[in-house]
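First the structure, in the form of structure tokens, and then the observations on it.
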Amino acid sequence: MSVLTVRSLSKSYGGVRALDDVSFSVAAGELLALIGPNGAGKSTCFNIVNGQIRPDAGHVWIGGREVTGLAPRRIARLGVGRTFQIAAVFGSMTAVENVQMAMIAARGQSFGLWRPAAAHHRQAALELLGRVGMAELAERPAATLAYGDVKRLELAVALAGEPVLLLMDEPTAGMGAGERGALIALVRELVTERRLAALFTEHSMDVVFAHADRVIVLARGKLIADGSADAVRADPQVRAVYLGSGAAMAEEDGHP
Amino acid sequence: MSLDGLLFQALNGLAGASALFLVAAGLSIIFGVSRIVNLAHGSFYMLGIYLAGTLAGGFGGAFGFWAGVIGAVLVVAALGALTEIALLRRIYAAPELYQLLATFALALIVNDAVLYLWGPEDILGPRAPGLEGAIDLLGRRLPTYDIFLALVGPAVLIGLHLLLARSRFGRLIRAATEDREMAAALGVNEKVLFTAVFALGAGLAALGGALQMAREPASLSLDLAVLGDAFVIVVVGGLGSIPGAYVAAVLVAEVKALCIALGTVSVGGFEVNLSKLTLVAEFLVMAIVLIVRPNGLFGRPQPPARVAGRGEPPLRPMGRNGGIVALGVVAALALLPLAEGAFPYAPVLAVDMLVAVIFATSLHFIMGPGGMHSFGHAAYFGLGAYGAAYAATQLGAPTFAALAAGIVAAGLGALVFGWFAVRLSGVYLAMLTLAFAQIVWSIAYQWEAVTGGSNGLFGVWPDAPLDTRAGLYLAALGGALVVVLLLRRVLFAPFGYALRASRDSPLRAEAVGIATGRVQWLGFALAGALCGLAGGLFAFAKGSISPEAISVGRSIDGLVMVLLGGVESLLGPIVGAGAFTLLQDSVMRETDYWRALLGALILAIVLIFPGGLMGGAARLWALATRRAAR
């Protein structure tokens with residue numbers, strides 16, 4: 001049973017079809033990579049699933065419930081965690097407070113006026129930080145963290161609401177090569193361990209082919225391939241699309 | 001009301017629209033290029049009208065009037081250029097709050113300069129030679145000069161359009177408005193362009209003022225009155241759009257004219273004098289436009305605001321030592337009435353300070369952790385003061401009930417205004433909150449039956465046990481303590497965290513499921529309600545309340561208190577309120593030119609100590625401990 005189902009999504013900007021009749025699904029425990037050249041419609045697709053953009057046509061279901069056109073906040077409360085291309089955390093809070101805040105929000109306790117926030121879910125938040133390898137940095141203000149640590153903190157924040165679906169928009173953008181593999185390997189573990197459905201976009205092909213269960217390819221708004229990493233890598237249509245953007249299909253990093 | 005009369009008032013409205021358009025267009029052009037909302041823009045208008053009158057008298061003769069107008073425009077444009085070079089260049093990268101405050105400081109200084117040069121009396125300007133007459137229209141006499149003015153607006157609109165569309169200077173302005181970085185990368189000399197744009201904007205405002213000299217007397221209150229109108233117009237028209245400014249100016253002027261034309265109407269058995277509620281009508285126009293088009297009629301979405309405090313250090317509870325010190329301070333304050341024999345004035349000054357503490361703490365709640373820079377906190381102070389005063393004098397409510405009525409009035413006002421305010425951010429929010437405060441002020445000023453008009457409400461004396469100096473002081477101390485502790489508690493609770501989360505990163509906050517809009521709305525309402533207590537206590541302490549006490553000046557005082565203490569510290573507003581009240585009581589009371597002094601203080605904070613007293617103290621402490629550790 002798939003956690004996320006996307007059916008016939010279309011979106012145009014002016015005369016340009018950013019997304020054209022796109023359908024796919026992600027199952028629990030599955031790590032799905034969404035790839036494609038620049039301007040292929042990856043971000044548009046992502047932001048429609050997340051609720052930031054309304055599609056012209058098509059439907060999105062999460063866990064059997066239609067969420068098309070709902071606000072990001074409502075989609076989040078249905079069990080969707082997400083990370084952003086440029087990591088977004090709460091700069092004026094410590095790492096553990098960031099996770100506590102996300103847990104408070106996920107449980108609908110944001111309007112509590114009396115009991116201190118510090119007393120909410122502290123143990124659970126520390127455990128989650130430990131899980132992403134940030135136990136020692138728990139009391140550090142988020143604004144003073146290194147970018148790689150901010151990315152891991154953001155992952156913990158996204159997981160704080162115990163989501164069924166994890167959306168990650170270029171989770172490794174701005175990270176060093178070593179950190180990249182480690183982060184996706186961590187996501188891979190979490191997906192299996194928590195039976196998460198995870199969708200991520202990524203420029204780095206080595207990361208995609210090493211870790212994704214399945215890969216879908218967008219080109220000019222159309223879905224041109226959907227299959228295992230090996231099948232997609234061998235697909236002549238995919239090779240043709242990527243031919244223009246250099247040796248992206250080779251084993252090394254395809255980041256521009 | 002006949003159709004003829006309506007048409008006549010509509011023509012009259014067009015004449016008024018021209019002056020407002022000139023000011024708003026200048027404001028808009030400057031904002032488009034520099035992203036600074038110039039709160040001194042009304043001052044340029046005011047300088048224009050004073051200078052034109054004086055110069056016209058100096059030149060004399062038939063051409064003196066027009067030479068005066070041109071002279072005033074040139075002088076003010078030069079002053080605008082000077083302002084840009086000397087002040088604005090230093091603060092282009094600063095948070096919006098500091099830019100707004102710096103330009104407001106300039107407005108204060110200009111106001112005192114005008115007071116010094118021209119004196120406090122209103123000055124009547126000369127009539128325009130050749131246009132003194134009137135023509136018969138629809139059976140009434142319409143002044144020729146009004147027709148001339150009505151034509152000036154469209155003429156300037158067309159002129160500006162040609163300038164922007166055809167000239168190289170105009171193309172540069174448009175390029176910089178579209179994309180500042182790109183324009184700079186293409187080799188546009190930003191410095192010269194910004195200076196020229198500021199001069200152009202200032203000149204337009206001065207032209208609006210100068211032409212007005214034949215219609216209304218020059219007075220010291222013009223700067224803020226015109227600024228308020230200009231704000232409503234740019235919010236309605238859309239910041240940065242010049243055609244939008246014209247359409248909005250006409251719309252607002254016509255709505256005003258309609259109110260005046262309709263006069264007193266009967267609504268559900270109540271006699272309502274619409275001609276006295278023109279500002280309320282302006283507000284309604286603005287409210288409707290903002291609901292339908294949040295960026296104004298012709299405006300485009302603004303980039304995210306640069307909010308102060310996003311990277312501030314995490315909040316920390318006081319700890320045991322801090323708690324003991326605080327307890328000691330409160331105990332000492334509670335014993336202050338015992339010293340009344342030696343310092344009879346002490347409890348009076350102390351009540352002023354405590355009122356300021358409540359005011360500043362509630363303002364800090366929304367502008368620090370909330371990230372909403374309100375330039376109109378006086379509105380809730382005013383609603384609290386009038387609510388309490390009305391309940392006490394007209395309804396005979398006991399003092400505590402009257403204070404509660406003030407809190408309720410302020411809270412309701414903040415709920416209504418906050419609903420609009422949280423939809424905006426940055427400069428739009430600042431302008432809207434300021435406009436709301438102006439509306440509350442004008443209702444207090446104009447609704448004589450309830451508020452006592454310009455005289456206000458008198459005989460607001462507390463009953464026992466608050467009817468002694470010591471009694472009132474202790475009540476104020478208790479009130480301030482409750483407000484400070486309550487807001488502190490809330491800030492450390494999930495709601496306070498959600499409020500800060502919404503400021504730190506709205507994107508992230510929504511993505512984890514925080515209803516940012518609702519959180520900010522409730523935060524705004526809570527702060528407004530508690531601010532109402534400050535207003536109520538103020539009314540009982542002074543025995544009266546008048547519109548003067550709730551003017552824009554009070555909103556700005558609050559901002560100065562918070563910034564003086566330090567916006568990133570919870571103690572900041574308390575320290576700032578105390579220091580500011582002392583300063584006001586000692587230094588500013590001694591001079592007629594306290595506005596200029598206040599302006600200089602604001603500039604010093606913005607340019608030299610952006611962290612305020614607590615920020616400075618924290619820096620010194622860090623320095624000292626580092627030395628000691630070595």
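In the structure tokens, each chain is lettered A, B, ... as it comes, each chain's residues begin at 1, and ligands are numbered from 1 in order of appearance.
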
Next on the checklist: With only C-alpha atoms as the counted atoms, please give the residues lying no more than 12 Å from Ala350 (chain B), apart from itself and same-chain residues fewer than 4 positions off, as a ChimeraX atom specification.
Outcome noted: /B:333-334,336-337,340,343-346,354-357,469-470,472-477,480,538,541,577-579,581-582,585

Got time to write the residues from that selection, N, CA and C atoms, as a compact mmCIF listing (two decimals), in the first residue's frame?
# COMPACT_ATOMS: atom_id res chain seq x y z
N LEU B 333 11.41 48.11 45.86
CA LEU B 333 10.43 48.98 45.20
C LEU B 333 9.16 49.08 46.03
N ALA B 334 8.77 47.92 46.65
CA ALA B 334 7.55 47.92 47.44
C ALA B 334 7.68 48.82 48.66
N LEU B 336 9.30 51.66 48.68
CA LEU B 336 9.55 53.04 48.26
C LEU B 336 8.62 54.07 48.91
N PRO B 337 7.30 53.76 49.07
CA PRO B 337 6.40 54.76 49.67
C PRO B 337 6.87 55.22 51.06
N GLU B 340 8.55 58.45 51.09
CA GLU B 340 7.79 59.55 50.50
C GLU B 340 8.04 60.87 51.22
N PHE B 343 11.34 62.13 49.73
CA PHE B 343 11.22 62.44 48.31
C PHE B 343 9.75 62.38 47.89
N PRO B 344 8.99 63.43 48.13
CA PRO B 344 7.54 63.36 47.85
C PRO B 344 7.25 63.10 46.37
N TYR B 345 8.17 63.43 45.52
CA TYR B 345 7.93 63.29 44.08
C TYR B 345 8.21 61.86 43.60
N ALA B 346 8.93 61.09 44.43
CA ALA B 346 9.40 59.77 43.98
C ALA B 346 8.28 58.85 43.50
N LEU B 354 6.61 52.87 35.87
CA LEU B 354 5.94 51.56 35.81
C LEU B 354 4.99 51.49 34.63
N VAL B 355 4.29 52.60 34.35
CA VAL B 355 3.43 52.65 33.17
C VAL B 355 4.28 52.40 31.93
N ALA B 356 5.46 53.05 31.89
CA ALA B 356 6.36 52.87 30.74
C ALA B 356 6.85 51.42 30.65
N VAL B 357 7.08 50.79 31.81
CA VAL B 357 7.55 49.40 31.82
C VAL B 357 6.49 48.48 31.20
N ARG B 469 -1.04 58.66 46.78
CA ARG B 469 0.12 58.43 45.93
C ARG B 469 0.68 57.03 46.12
N ALA B 470 0.80 56.65 47.40
CA ALA B 470 1.37 55.33 47.70
C ALA B 470 0.46 54.23 47.19
N LEU B 472 -1.73 54.24 44.68
CA LEU B 472 -1.70 54.11 43.23
C LEU B 472 -0.37 53.51 42.79
N TYR B 473 0.69 53.95 43.48
CA TYR B 473 2.02 53.43 43.13
C TYR B 473 2.08 51.92 43.32
N LEU B 474 1.55 51.45 44.48
CA LEU B 474 1.61 50.01 44.73
C LEU B 474 0.76 49.24 43.72
N ALA B 475 -0.37 49.82 43.34
CA ALA B 475 -1.21 49.17 42.33
C ALA B 475 -0.46 49.07 41.01
N ALA B 476 0.24 50.17 40.65
CA ALA B 476 1.01 50.17 39.40
C ALA B 476 2.13 49.14 39.47
N LEU B 477 2.77 49.07 40.65
CA LEU B 477 3.86 48.10 40.82
C LEU B 477 3.33 46.69 40.66
N ALA B 480 2.51 46.08 36.97
CA ALA B 480 3.70 45.90 36.15
C ALA B 480 4.31 44.52 36.40
N PHE B 538 -2.23 55.09 33.45
CA PHE B 538 -1.82 56.44 33.08
C PHE B 538 -2.97 57.42 33.32
N ALA B 541 -3.46 58.01 36.93
CA ALA B 541 -2.34 58.73 37.53
C ALA B 541 -2.42 60.22 37.22
N ALA B 577 12.75 51.30 29.57
CA ALA B 577 11.63 52.14 30.01
C ALA B 577 12.05 53.01 31.19
N GLY B 578 12.79 52.42 32.13
CA GLY B 578 13.24 53.18 33.29
C GLY B 578 14.19 54.30 32.87
N ALA B 579 15.17 53.94 32.05
CA ALA B 579 16.17 54.93 31.64
C ALA B 579 15.52 56.05 30.83
N THR B 581 12.35 57.09 30.87
CA THR B 581 11.50 57.96 31.69
C THR B 581 12.34 58.93 32.51
N LEU B 582 13.43 58.44 33.07
CA LEU B 582 14.33 59.32 33.82
C LEU B 582 14.86 60.43 32.93
N ASP B 585 12.26 62.91 32.14
CA ASP B 585 11.91 63.73 33.29
C ASP B 585 12.99 64.75 33.61

Item to check | Shell around Leu100 (chain B) at 10 Å using only C-alpha atoms, local window under 5 positions removed, as an MDAnalysis selection string | outcome: chainID B and resid 36:40 95 105:106 373 375 427 430:431

Residues just named, written with all heavy atoms as an mmCIF file, in the first residue's frame:
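Done, and the output landed in result_35.cif:
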data_model
loop_
_atom_site.group_PDB
_atom_site.id
_atom_site.type_symbol
_atom_site.label_atom_id
_atom_site.label_comp_id
_atom_site.auth_asym_id
_atom_site.auth_seq_id
_atom_site.Cartn_x
_atom_site.Cartn_y
_atom_site.Cartn_z
ATOM 1 N N ILE B 36 13.786 51.756 1.371
ATOM 2 C CA ILE B 36 13.624 52.436 2.656
ATOM 3 C C ILE B 36 12.308 53.202 2.624
ATOM 4 O O ILE B 36 12.009 53.908 1.657
ATOM 5 C CB ILE B 36 14.797 53.395 2.927
ATOM 6 C CG1 ILE B 36 16.019 52.595 3.369
ATOM 7 C CG2 ILE B 36 14.430 54.429 3.983
ATOM 8 C CD1 ILE B 36 17.182 53.417 3.804
ATOM 9 N N VAL B 37 11.492 53.012 3.663
ATOM 10 C CA VAL B 37 10.299 53.837 3.795
ATOM 11 C C VAL B 37 10.693 55.064 4.598
ATOM 12 O O VAL B 37 11.109 54.964 5.745
ATOM 13 C CB VAL B 37 9.165 53.077 4.496
ATOM 14 C CG1 VAL B 37 8.039 54.024 4.848
ATOM 15 C CG2 VAL B 37 8.652 51.982 3.604
ATOM 16 N N ASN B 38 10.600 56.205 3.965
ATOM 17 C CA ASN B 38 11.127 57.415 4.560
ATOM 18 C C ASN B 38 10.076 58.078 5.452
ATOM 19 O O ASN B 38 9.176 58.751 4.969
ATOM 20 C CB ASN B 38 11.564 58.354 3.435
ATOM 21 C CG ASN B 38 12.012 59.678 3.978
ATOM 22 O OD1 ASN B 38 12.506 59.755 5.093
ATOM 23 N ND2 ASN B 38 11.817 60.717 3.192
ATOM 24 N N LEU B 39 10.214 57.908 6.761
ATOM 25 C CA LEU B 39 9.230 58.497 7.676
ATOM 26 C C LEU B 39 9.397 60.009 7.783
ATOM 27 O O LEU B 39 8.569 60.684 8.377
ATOM 28 C CB LEU B 39 9.351 57.874 9.067
ATOM 29 C CG LEU B 39 8.998 56.395 9.186
ATOM 30 C CD1 LEU B 39 8.927 55.980 10.642
ATOM 31 C CD2 LEU B 39 7.683 56.087 8.513
ATOM 32 N N ALA B 40 10.474 60.545 7.202
ATOM 33 C CA ALA B 40 10.655 61.998 7.206
ATOM 34 C C ALA B 40 9.997 62.626 5.988
ATOM 35 O O ALA B 40 10.187 63.804 5.714
ATOM 36 C CB ALA B 40 12.140 62.340 7.256
ATOM 37 N N PRO B 95 18.426 46.238 9.651
ATOM 38 C CA PRO B 95 17.030 45.781 9.684
ATOM 39 C C PRO B 95 16.078 46.959 9.470
ATOM 40 O O PRO B 95 16.403 48.090 9.820
ATOM 41 C CB PRO B 95 16.875 45.218 11.095
ATOM 42 C CG PRO B 95 18.246 44.909 11.550
ATOM 43 C CD PRO B 95 19.147 45.891 10.878
ATOM 44 N N ALA B 105 13.631 59.767 13.366
ATOM 45 C CA ALA B 105 14.473 60.684 14.137
ATOM 46 C C ALA B 105 14.692 61.965 13.338
ATOM 47 O O ALA B 105 14.641 63.083 13.874
ATOM 48 C CB ALA B 105 15.813 60.020 14.457
ATOM 49 N N LEU B 106 14.905 61.795 12.055
ATOM 50 C CA LEU B 106 15.088 62.953 11.178
ATOM 51 C C LEU B 106 13.833 63.829 11.193
ATOM 52 O O LEU B 106 13.916 65.060 11.258
ATOM 53 C CB LEU B 106 15.353 62.435 9.767
ATOM 54 C CG LEU B 106 15.845 63.452 8.768
ATOM 55 C CD1 LEU B 106 17.241 63.894 9.161
ATOM 56 C CD2 LEU B 106 15.859 62.846 7.372
ATOM 57 N N HIS B 373 7.174 44.548 13.903
ATOM 58 C CA HIS B 373 7.596 45.878 14.320
ATOM 59 C C HIS B 373 6.424 46.847 14.281
ATOM 60 O O HIS B 373 6.135 47.434 13.254
ATOM 61 C CB HIS B 373 8.728 46.376 13.430
ATOM 62 C CG HIS B 373 9.906 45.454 13.488
ATOM 63 N ND1 HIS B 373 10.813 45.341 12.476
ATOM 64 C CD2 HIS B 373 10.309 44.583 14.443
ATOM 65 C CE1 HIS B 373 11.727 44.446 12.810
ATOM 66 N NE2 HIS B 373 11.431 43.970 13.996
ATOM 67 N N PHE B 375 4.552 50.152 14.797
ATOM 68 C CA PHE B 375 4.789 51.584 14.958
ATOM 69 C C PHE B 375 3.536 52.268 15.497
ATOM 70 O O PHE B 375 3.391 53.471 15.392
ATOM 71 C CB PHE B 375 5.213 52.217 13.626
ATOM 72 C CG PHE B 375 6.691 52.194 13.434
ATOM 73 C CD1 PHE B 375 7.363 50.995 13.333
ATOM 74 C CD2 PHE B 375 7.422 53.368 13.363
ATOM 75 C CE1 PHE B 375 8.734 50.955 13.175
ATOM 76 C CE2 PHE B 375 8.793 53.338 13.211
ATOM 77 C CZ PHE B 375 9.449 52.133 13.107
ATOM 78 N N VAL B 427 7.948 46.664 6.286
ATOM 79 C CA VAL B 427 7.513 48.057 6.230
ATOM 80 C C VAL B 427 5.997 48.175 6.117
ATOM 81 O O VAL B 427 5.401 49.109 6.639
ATOM 82 C CB VAL B 427 8.180 48.801 5.066
ATOM 83 C CG1 VAL B 427 9.663 48.957 5.352
ATOM 84 C CG2 VAL B 427 7.987 48.106 3.755
ATOM 85 N N ALA B 430 4.670 47.993 9.553
ATOM 86 C CA ALA B 430 4.960 49.223 10.285
ATOM 87 C C ALA B 430 3.979 50.324 9.882
ATOM 88 O O ALA B 430 3.420 51.027 10.726
ATOM 89 C CB ALA B 430 6.395 49.665 10.025
ATOM 90 N N MET B 431 3.738 50.444 8.575
ATOM 91 C CA MET B 431 2.850 51.506 8.098
ATOM 92 C C MET B 431 1.417 51.269 8.530
ATOM 93 O O MET B 431 0.707 52.189 8.912
ATOM 94 C CB MET B 431 2.925 51.599 6.580
ATOM 95 C CG MET B 431 4.253 52.151 6.120
ATOM 96 S SD MET B 431 4.187 52.665 4.431
ATOM 97 C CE MET B 431 3.998 51.130 3.639
#

Item to check | Interface, chain A side, toward chain B (8 Å; only C-alpha atoms) as a ChimeraX atom specification | outcome: /A:72-77,81-82,88-94,101-102,104-106,109-118,141,143,157-158,161

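Within the 8 Å cut-off around Leu153 (chain A), using only C-alpha atoms and omitting residues fewer than 6 positions from it on the same chain, the listed residues are Val89, Ala95, Val99, Leu129, Val132 and Met134 of chain A.
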
Please write the residues from the selection above to a file, keeping all heavy atoms, as a compact mmCIF listing (two decimals), in the first residue's frame.
# COMPACT_ATOMS: atom_id res chain seq x y z
N VAL A 89 16.02 26.17 9.93
CA VAL A 89 15.78 25.79 11.32
C VAL A 89 15.50 27.07 12.11
O VAL A 89 15.52 28.16 11.54
CB VAL A 89 16.99 25.05 11.93
CG1 VAL A 89 17.20 23.71 11.26
CG2 VAL A 89 18.24 25.90 11.86
N ALA A 95 19.71 23.38 19.48
CA ALA A 95 19.38 22.23 18.64
C ALA A 95 18.23 21.43 19.25
O ALA A 95 17.25 21.11 18.58
CB ALA A 95 20.61 21.35 18.45
N VAL A 99 14.06 20.64 18.00
CA VAL A 99 13.35 19.37 17.89
C VAL A 99 12.13 19.37 18.81
O VAL A 99 11.05 18.92 18.43
CB VAL A 99 14.29 18.20 18.22
CG1 VAL A 99 13.55 16.88 18.10
CG2 VAL A 99 15.50 18.21 17.28
N LEU A 129 18.00 13.45 18.45
CA LEU A 129 19.25 14.11 18.09
C LEU A 129 20.40 13.10 18.11
O LEU A 129 21.28 13.13 17.24
CB LEU A 129 19.55 15.26 19.06
CG LEU A 129 18.87 16.59 18.77
CD1 LEU A 129 19.28 17.63 19.80
CD2 LEU A 129 19.21 17.09 17.37
N VAL A 132 20.54 11.11 14.91
CA VAL A 132 21.17 11.73 13.74
C VAL A 132 22.61 12.15 14.05
O VAL A 132 23.23 12.90 13.31
CB VAL A 132 20.37 12.95 13.20
CG1 VAL A 132 18.98 12.53 12.78
CG2 VAL A 132 20.32 14.06 14.24
N MET A 134 23.86 13.91 16.71
CA MET A 134 24.09 15.28 17.19
C MET A 134 23.95 15.39 18.71
O MET A 134 23.69 16.48 19.23
CB MET A 134 23.12 16.24 16.51
CG MET A 134 23.46 16.42 15.06
SD MET A 134 22.73 17.88 14.34
CE MET A 134 23.10 19.16 15.48

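Among B:Ala402, B:Gly60, B:Gly296, B:Ile545, the residue with the shortest atom-to-atom distance to Pro129 (chain B), counting only C-alpha atoms, is B:Gly60.
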
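Across the model, the gap from CA of Arg589 (chain B) to CA of Tyr45 (chain B) is 28.3 Å.
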
Next on the checklist: I'd like to know which residues of region 1-195 of chain A are alpha helix (DSSP H) (by DSSP, run on the backbone); could you write them as JSON, numbers by chain?
Outcome noted: {"A": [42, 43, 44, 45, 46, 47, 48, 49, 50, 72, 73, 74, 75, 76, 77, 95, 96, 97, 98, 99, 100, 101, 102, 103, 104, 105, 106, 122, 123, 124, 125, 126, 127, 128, 129, 130, 131, 147, 148, 149, 150, 151, 152, 153, 154, 155, 156, 157, 158, 159, 177, 178, 179, 180, 181, 182, 183, 184, 185, 186, 187, 188, 189, 190, 191, 192, 193, 194]}

Could you please take those selected residues and save C-alpha atoms as a PDB file, in the first residue's frame?
ATOM      1  CA  LYS A  42      11.399  18.679  -9.860  1.00  0.00           C
ATOM      2  CA  SER A  43      10.830  21.611  -7.516  1.00  0.00           C
ATOM      3  CA  THR A  44       7.346  22.247  -8.855  1.00  0.00           C
ATOM      4  CA  CYS A  45       6.425  18.609  -8.277  1.00  0.00           C
ATOM      5  CA  PHE A  46       7.912  18.713  -4.809  1.00  0.00           C
ATOM      6  CA  ASN A  47       6.157  21.901  -3.795  1.00  0.00           C
ATOM      7  CA  ILE A  48       2.797  20.607  -4.994  1.00  0.00           C
ATOM      8  CA  VAL A  49       3.127  17.489  -2.831  1.00  0.00           C
ATOM      9  CA  ASN A  50       4.127  19.733   0.091  1.00  0.00           C
ATOM     10  CA  PRO A  72       1.640  23.106   4.049  1.00  0.00           C
ATOM     11  CA  ARG A  73       0.719  23.299   7.730  1.00  0.00           C
ATOM     12  CA  ARG A  74      -2.221  20.907   7.324  1.00  0.00           C
ATOM     13  CA  ILE A  75      -0.185  18.514   5.221  1.00  0.00           C
ATOM     14  CA  ALA A  76       2.520  18.562   7.898  1.00  0.00           C
ATOM     15  CA  ARG A  77      -0.021  17.637  10.545  1.00  0.00           C
ATOM     16  CA  ALA A  95      19.376  22.234  18.637  1.00  0.00           C
ATOM     17  CA  VAL A  96      17.298  20.313  21.173  1.00  0.00           C
ATOM     18  CA  GLU A  97      14.776  23.169  21.437  1.00  0.00           C
ATOM     19  CA  ASN A  98      14.348  23.018  17.659  1.00  0.00           C
ATOM     20  CA  VAL A  99      13.353  19.371  17.886  1.00  0.00           C
ATOM     21  CA  GLN A 100      11.168  20.000  20.956  1.00  0.00           C
ATOM     22  CA  MET A 101       9.376  22.801  19.098  1.00  0.00           C
ATOM     23  CA  ALA A 102       8.652  20.478  16.179  1.00  0.00           C
ATOM     24  CA  MET A 103       7.328  17.809  18.570  1.00  0.00           C
ATOM     25  CA  ILE A 104       5.155  20.383  20.350  1.00  0.00           C
ATOM     26  CA  ALA A 105       3.738  21.555  17.026  1.00  0.00           C
ATOM     27  CA  ALA A 106       3.111  18.035  15.739  1.00  0.00           C
ATOM     28  CA  ARG A 122      12.946  16.731  26.114  1.00  0.00           C
ATOM     29  CA  GLN A 123      13.970  13.094  26.429  1.00  0.00           C
ATOM     30  CA  ALA A 124      12.472  12.126  23.091  1.00  0.00           C
ATOM     31  CA  ALA A 125      14.125  15.124  21.434  1.00  0.00           C
ATOM     32  CA  LEU A 126      17.544  14.201  22.845  1.00  0.00           C
ATOM     33  CA  GLU A 127      17.109  10.624  21.646  1.00  0.00           C
ATOM     34  CA  LEU A 128      16.236  11.788  18.157  1.00  0.00           C
ATOM     35  CA  LEU A 129      19.251  14.114  18.087  1.00  0.00           C
ATOM     36  CA  GLY A 130      21.382  11.175  19.150  1.00  0.00           C
ATOM     37  CA  ARG A 131      19.931   9.146  16.285  1.00  0.00           C
ATOM     38  CA  TYR A 147      26.061  23.914   7.812  1.00  0.00           C
ATOM     39  CA  GLY A 148      26.450  20.129   7.742  1.00  0.00           C
ATOM     40  CA  ASP A 149      25.149  20.002  11.315  1.00  0.00           C
ATOM     41  CA  VAL A 150      22.250  22.303  10.418  1.00  0.00           C
ATOM     42  CA  LYS A 151      21.288  19.822   7.700  1.00  0.00           C
ATOM     43  CA  ARG A 152      21.287  16.951  10.198  1.00  0.00           C
ATOM     44  CA  LEU A 153      19.347  19.048  12.709  1.00  0.00           C
ATOM     45  CA  GLU A 154      16.801  19.789  10.013  1.00  0.00           C
ATOM     46  CA  LEU A 155      16.437  16.079   9.367  1.00  0.00           C
ATOM     47  CA  ALA A 156      15.754  15.532  13.084  1.00  0.00           C
ATOM     48  CA  VAL A 157      13.192  18.370  13.027  1.00  0.00           C
ATOM     49  CA  ALA A 158      11.501  16.805  10.003  1.00  0.00           C
ATOM     50  CA  LEU A 159      11.338  13.447  11.803  1.00  0.00           C
ATOM     51  CA  ALA A 177      31.453  14.913  -0.689  1.00  0.00           C
ATOM     52  CA  GLY A 178      32.127  12.841   2.442  1.00  0.00           C
ATOM     53  CA  GLU A 179      29.245  14.327   4.432  1.00  0.00           C
ATOM     54  CA  ARG A 180      26.881  13.714   1.532  1.00  0.00           C
ATOM     55  CA  GLY A 181      27.192   9.961   1.433  1.00  0.00           C
ATOM     56  CA  ALA A 182      26.953   9.802   5.231  1.00  0.00           C
ATOM     57  CA  LEU A 183      23.729  11.826   5.330  1.00  0.00           C
ATOM     58  CA  ILE A 184      21.955   9.748   2.709  1.00  0.00           C
ATOM     59  CA  ALA A 185      23.208   6.542   4.322  1.00  0.00           C
ATOM     60  CA  LEU A 186      21.624   7.803   7.562  1.00  0.00           C
ATOM     61  CA  VAL A 187      18.362   8.574   5.762  1.00  0.00           C
ATOM     62  CA  ARG A 188      18.495   5.092   4.204  1.00  0.00           C
ATOM     63  CA  GLU A 189      18.759   3.515   7.687  1.00  0.00           C
ATOM     64  CA  LEU A 190      15.954   5.643   9.088  1.00  0.00           C
ATOM     65  CA  VAL A 191      13.660   4.807   6.179  1.00  0.00           C
ATOM     66  CA  THR A 192      14.084   1.078   6.785  1.00  0.00           C
ATOM     67  CA  GLU A 193      14.008   1.319  10.563  1.00  0.00           C
ATOM     68  CA  ARG A 194      10.862   3.479  10.756  1.00  0.00           C
TER      69      ARG A 194
END

Checklist entry - So how many Å separate CA of Leu335 (chain B) and CA of Ser362 (chain B), to one decimal? => result 25.5 Å

Checklist entry - What lies within 9 Å of Phe8 (chain B) using only C-alpha atoms, ignoring chain neighbours under 5 positions off, as a PyMOL selection string? => result chain B and resi 3+13+137-138+140+142+261

Item to check | Per-residue DSSP, region 109-224 of chain A, filtered to strand (DSSP E or B), as a ChimeraX atom specification | outcome: /A:141,165-169,197-201,214-219,222-224

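Each of B:Ala622, B:Ala281, B:Leu564, B:Leu485 was checked against Ile260 (chain B) using only C-alpha atoms; the smallest atom-to-atom distance is that of B:Ala281.
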
Next on the checklist: Give me, as JSON, numbers by chain, all polymer residues having an atom no more than 12 Å from Ile109 (chain B), counting only C-alpha atoms and skipping those fewer than 3 positions away in the same chain.
Outcome noted: {"B": [40, 43, 44, 102, 103, 104, 105, 106, 112, 113, 114, 115, 116, 223, 593, 594, 595, 596, 597, 598, 599, 600, 601, 602, 603]}

Item to check | Exercise: Leu19 (chain A) partners within 6 Å, only C-alpha atoms, chain neighbours under 3 positions left out, as a list of chain:residue names | outcome: A:Ser10, A:Lys11, A:Gly41, A:Gly221

Checklist entry - Hey, what's within 10 Å of Asp230 (chain A) if we count only C-alpha atoms and toss same-chain stuff fewer than 2 positions away? As a list of chain:residue names, please? => result A:Phe209, A:Arg214, A:Val215, A:Gly227, A:Ser228, A:Val232, A:Arg233, A:Ala234, A:Asp235

Next on the checklist: For a quick check of understanding, using only C-alpha atoms, which of A:Glu66, A:Thr83, A:Tyr13, A:Pro37 has the smallest distance to Ile53 (chain A)?
Outcome noted: A:Tyr13
